[in-house]
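Report on the structure given below.
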Amino acid sequence: MDIQFASLDYIVIVAAYLVGSLSSAIIVCKIMDLPDPRGEGSGNPGATNVLRFGGKKAAAITLAGDMLKGLIPVLIAHFLQLGMTTIALTGFAAFLGHLYPVFFQFRGGKGVATMLGVMLGFNWLVGVATAGTWLFMAKIVKISSLSALVATALAPVYVWLWFNAPATVILTAAMTVILFWRHRSNIQNLLKGTEDTIGTDVSDK
């Protein structure tokens, strides 16, 4: 595992965290004159919550923004030909930025879309497999949180199968654990049978 870092490695990792800290949901809602997502619906600044009160267009833009801020820093790290450990840490930093954004009082989203963007940056096959798992589960169970939990639980397996770099596997597993922790209220609702299905309380905007 390559663990020697140069100044550029640190700059890219810190920049990835700052990019991840740009909350797509809050920015999109402000531009589209929608309520602050932290005070509406579930209070989570993510695409699923924006969908509840802002409609499909706002949610789609939020989703794209959250994915890109995970994808772009990783692609830049690849372009700069940084070591695999640095590339993995870059993705992890962008993910943490989304969860704990320095620009928004460290109140961020749950990380599903950003983690997917990171997976696409690591290896496009891993990203497609993770996204495909989410879509497959969503079509069957029609519950966004459960689909996300299954997809991200399998993400470290996909990384190991298609892109067997130790740092990448370890940090993908760490993202999965953190994501499960961030979804603990959803897991409780799933166990109670009270979790919302996809499209609940969605407007036609």
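Naming works like this for the structure tokens: A, B, ... for the chains as they're shown, residue 1 at the start of each chain, ligands 1 onward in shown order.
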Env of Phe136 of chain A: 12 Å cut, atoms = only C-alpha atoms, seq-sep filter 5 positions within chain, self excluded. Answer as a PDB file with N, CA and C atoms, in the first residue's frame.
ATOM      1  N   VAL A 128     -21.269   1.425 -11.891  1.00  0.00           N
ATOM      2  CA  VAL A 128     -22.443   0.887 -12.592  1.00  0.00           C
ATOM      3  C   VAL A 128     -23.075  -0.253 -11.786  1.00  0.00           C
ATOM      4  N   ALA A 129     -22.245  -1.113 -11.214  1.00  0.00           N
ATOM      5  CA  ALA A 129     -22.764  -2.222 -10.412  1.00  0.00           C
ATOM      6  C   ALA A 129     -23.509  -1.712  -9.180  1.00  0.00           C
ATOM      7  N   THR A 130     -22.948  -0.691  -8.526  1.00  0.00           N
ATOM      8  CA  THR A 130     -23.590  -0.122  -7.334  1.00  0.00           C
ATOM      9  C   THR A 130     -24.902   0.552  -7.700  1.00  0.00           C
ATOM     10  N   ALA A 131     -24.881   1.366  -8.769  1.00  0.00           N
ATOM     11  CA  ALA A 131     -26.106   2.030  -9.215  1.00  0.00           C
ATOM     12  C   ALA A 131     -27.148   1.017  -9.675  1.00  0.00           C
ATOM     13  N   VAL A 141     -38.543  -3.219  -4.095  1.00  0.00           N
ATOM     14  CA  VAL A 141     -39.070  -2.864  -2.771  1.00  0.00           C
ATOM     15  C   VAL A 141     -39.671  -1.466  -2.724  1.00  0.00           C
ATOM     16  N   LYS A 142     -39.281  -0.608  -3.688  1.00  0.00           N
ATOM     17  CA  LYS A 142     -39.786   0.766  -3.765  1.00  0.00           C
ATOM     18  C   LYS A 142     -39.529   1.563  -2.482  1.00  0.00           C
ATOM     19  N   ILE A 143     -38.394   1.296  -1.851  1.00  0.00           N
ATOM     20  CA  ILE A 143     -37.979   2.036  -0.662  1.00  0.00           C
ATOM     21  C   ILE A 143     -36.555   2.521  -0.898  1.00  0.00           C
ATOM     22  N   SER A 144     -36.376   3.829  -0.965  1.00  0.00           N
ATOM     23  CA  SER A 144     -35.081   4.393  -1.313  1.00  0.00           C
ATOM     24  C   SER A 144     -33.991   4.018  -0.315  1.00  0.00           C
ATOM     25  N   LEU A 146     -33.736   1.491   1.841  1.00  0.00           N
ATOM     26  CA  LEU A 146     -33.372   0.069   1.812  1.00  0.00           C
ATOM     27  C   LEU A 146     -32.549  -0.243   0.570  1.00  0.00           C
ATOM     28  N   SER A 147     -32.933   0.341  -0.548  1.00  0.00           N
ATOM     29  CA  SER A 147     -32.179   0.141  -1.791  1.00  0.00           C
ATOM     30  C   SER A 147     -30.757   0.661  -1.643  1.00  0.00           C
ATOM     31  N   ALA A 148     -30.626   1.819  -1.015  1.00  0.00           N
ATOM     32  CA  ALA A 148     -29.304   2.411  -0.809  1.00  0.00           C
ATOM     33  C   ALA A 148     -28.459   1.567   0.136  1.00  0.00           C
ATOM     34  N   VAL A 150     -28.630  -1.679   0.702  1.00  0.00           N
ATOM     35  CA  VAL A 150     -28.202  -2.909   0.030  1.00  0.00           C
ATOM     36  C   VAL A 150     -27.084  -2.604  -0.967  1.00  0.00           C
ATOM     37  N   ALA A 151     -27.272  -1.547  -1.766  1.00  0.00           N
ATOM     38  CA  ALA A 151     -26.283  -1.201  -2.787  1.00  0.00           C
ATOM     39  C   ALA A 151     -24.931  -0.856  -2.171  1.00  0.00           C
TER      40      ALA A 151
END
Val112 of chain A surroundings by only C-alpha atoms, 9 Å radius, close-in-sequence under 5 positions cut, as a PyMOL selection string: chain A and resi 46+66-67+95+117+148-149+152+179
Selected residues written out, N, CA and C atoms, as a PDB file, in the first residue's frame:
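Result file part_7.pdb:
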ATOM      1  N   GLY A  46     -30.645  16.254   1.107  1.00  0.00           N
ATOM      2  CA  GLY A  46     -30.315  15.293   0.063  1.00  0.00           C
ATOM      3  C   GLY A  46     -31.416  15.228  -0.969  1.00  0.00           C
ATOM      4  N   ASP A  66     -24.667  16.075  -6.156  1.00  0.00           N
ATOM      5  CA  ASP A  66     -24.063  15.237  -5.111  1.00  0.00           C
ATOM      6  C   ASP A  66     -23.161  14.157  -5.714  1.00  0.00           C
ATOM      7  N   MET A  67     -23.569  13.595  -6.833  1.00  0.00           N
ATOM      8  CA  MET A  67     -22.734  12.582  -7.491  1.00  0.00           C
ATOM      9  C   MET A  67     -21.454  13.196  -8.043  1.00  0.00           C
ATOM     10  N   PHE A  95     -16.645  12.394   0.372  1.00  0.00           N
ATOM     11  CA  PHE A  95     -17.783  11.779   1.058  1.00  0.00           C
ATOM     12  C   PHE A  95     -17.989  12.414   2.434  1.00  0.00           C
ATOM     13  N   GLY A 117     -20.910   8.561  -6.691  1.00  0.00           N
ATOM     14  CA  GLY A 117     -19.980   9.301  -7.531  1.00  0.00           C
ATOM     15  C   GLY A 117     -18.543   8.879  -7.301  1.00  0.00           C
ATOM     16  N   ALA A 148     -30.626   1.819  -1.015  1.00  0.00           N
ATOM     17  CA  ALA A 148     -29.304   2.411  -0.809  1.00  0.00           C
ATOM     18  C   ALA A 148     -28.459   1.567   0.136  1.00  0.00           C
ATOM     19  N   LEU A 149     -29.070   1.053   1.184  1.00  0.00           N
ATOM     20  CA  LEU A 149     -28.324   0.239   2.149  1.00  0.00           C
ATOM     21  C   LEU A 149     -27.806  -1.048   1.508  1.00  0.00           C
ATOM     22  N   THR A 152     -24.942  -0.054  -1.116  1.00  0.00           N
ATOM     23  CA  THR A 152     -23.670   0.353  -0.512  1.00  0.00           C
ATOM     24  C   THR A 152     -23.040  -0.775   0.300  1.00  0.00           C
ATOM     25  N   LEU A 179     -22.208   5.290   6.332  1.00  0.00           N
ATOM     26  CA  LEU A 179     -23.507   5.493   5.693  1.00  0.00           C
ATOM     27  C   LEU A 179     -24.614   4.752   6.449  1.00  0.00           C
TER      28      LEU A 179
END
Atom CA of Gln105 of chain A to atom CA of Asp33 of chain A, straight-line distance in Å: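 So the two atoms, atom CA of Asp33 of chain A and atom CA of Gln105 of chain A, lie 21.0 Å apart.
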Those in segment 20-142 of chain A with alpha helix (DSSP H) from DSSP, as a VMD selection string: chain A and resid 20 24 to 31 47 to 54 56 to 79 84 to 99 112 to 122 124 to 141
Gap from atom CA of Phe92 of chain A to atom CA of Leu125 of chain A - Å, one decimal: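 About the pair atom CA of Phe92 of chain A and atom CA of Leu125 of chain A: they are 18.5 Å apart.
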Residues within 9 Å of Ile72 of chain A, only C-alpha atoms, excluding chain neighbours under 4 positions, as a list of chain:residue names: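 Using only C-alpha atoms, the neighbours found are A:Ala16, A:Met67, A:Leu68, A:Ile76, A:Ala77, A:Gly117, A:Val118, A:Gly121.
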Minimum-distance residue to Thr197 of chain A, chosen among A:Ala47, A:Ala167, A:Val159, A:Ile140 (using only C-alpha atoms): A:Ile140
Given only C-alpha atoms as the counted atoms, nearest of A:Phe79, A:Ser42, A:Tyr100, A:Leu71 to Ser185 of chain A: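 Using only C-alpha atoms, Ser185 of chain A sits closest to A:Ser42.
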Pairwise distance for atom CA of Leu82 of chain A and atom CA of Phe180 of chain A, rounded to one decimal in Å: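 Computed distance, atom CA of Leu82 of chain A to atom CA of Phe180 of chain A, equals 29.2 Å.
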Leaving out Thr172 of chain A and any residue of its chain fewer than 6 positions from it, which residues lie within 12 Å of it when counting only C-alpha atoms, given as a short mmCIF file (atom, residue, chain, number, x, y, z; two decimals) with C-alpha atoms, in the first residue's frame?
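Generated output (part.cif):
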data_model
loop_
_atom_site.label_atom_id
_atom_site.label_comp_id
_atom_site.auth_asym_id
_atom_site.auth_seq_id
_atom_site.Cartn_x
_atom_site.Cartn_y
_atom_site.Cartn_z
CA THR A 85 -4.08 5.42 -1.42
CA ILE A 87 -7.09 8.46 -4.77
CA ALA A 88 -9.03 6.44 -2.19
CA LEU A 89 -8.54 9.13 0.46
CA THR A 90 -9.68 11.77 -2.03
CA GLY A 91 -12.98 9.96 -2.51
CA PHE A 92 -13.33 9.44 1.23
CA ALA A 93 -12.68 13.14 1.89
CA PHE A 95 -17.78 11.78 1.06
CA MET A 115 -20.59 7.66 -2.47
CA LEU A 116 -21.94 6.52 -5.84
CA VAL A 118 -16.86 8.18 -5.70
CA MET A 119 -17.44 4.58 -6.82
CA PHE A 122 -12.71 4.57 -8.57
CA VAL A 126 -17.97 -0.56 -9.68
CA GLY A 127 -20.12 2.54 -10.09
CA THR A 130 -23.59 -0.12 -7.33
CA THR A 152 -23.67 0.35 -0.51
CA ALA A 153 -23.30 -2.84 1.52
CA LEU A 154 -22.26 -4.59 -1.70
CA ALA A 155 -19.99 -1.76 -2.86
CA PRO A 156 -16.87 -3.03 -1.01
CA VAL A 157 -17.45 -6.44 -2.59
CA TYR A 158 -17.63 -4.88 -6.05
CA VAL A 159 -14.44 -2.91 -5.38
CA TRP A 160 -12.68 -6.07 -4.27
CA PHE A 163 -10.55 -3.09 -8.48
CA ASN A 164 -8.62 -4.95 -5.83
CA ALA A 165 -6.57 -2.18 -4.21
CA PRO A 166 -6.38 -2.58 -0.40
CA ILE A 178 -20.61 5.46 8.14
CA LEU A 179 -23.51 5.49 5.69
#
Which residue of A:Ile61, A:Val19, A:Leu190, A:Ala25 approaches Gly39 of chain A most closely, using only C-alpha atoms: A:Ala25
Given only C-alpha atoms as the counted atoms, nearest of A:Gly70, A:Gly193, A:Gly109, A:Gly83 to Leu8 of chain A: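 The answer is A:Gly83, which sits nearest to Leu8 of chain A.
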Closest of A:Thr62, A:Ser7, A:Thr114, A:Asn44 to Ile31 of chain A - atom-to-atom distances counting only C-alpha atoms: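 Between A:Thr62, A:Ser7, A:Thr114, A:Asn44, the residue approaching Ile31 of chain A most closely is A:Thr62.
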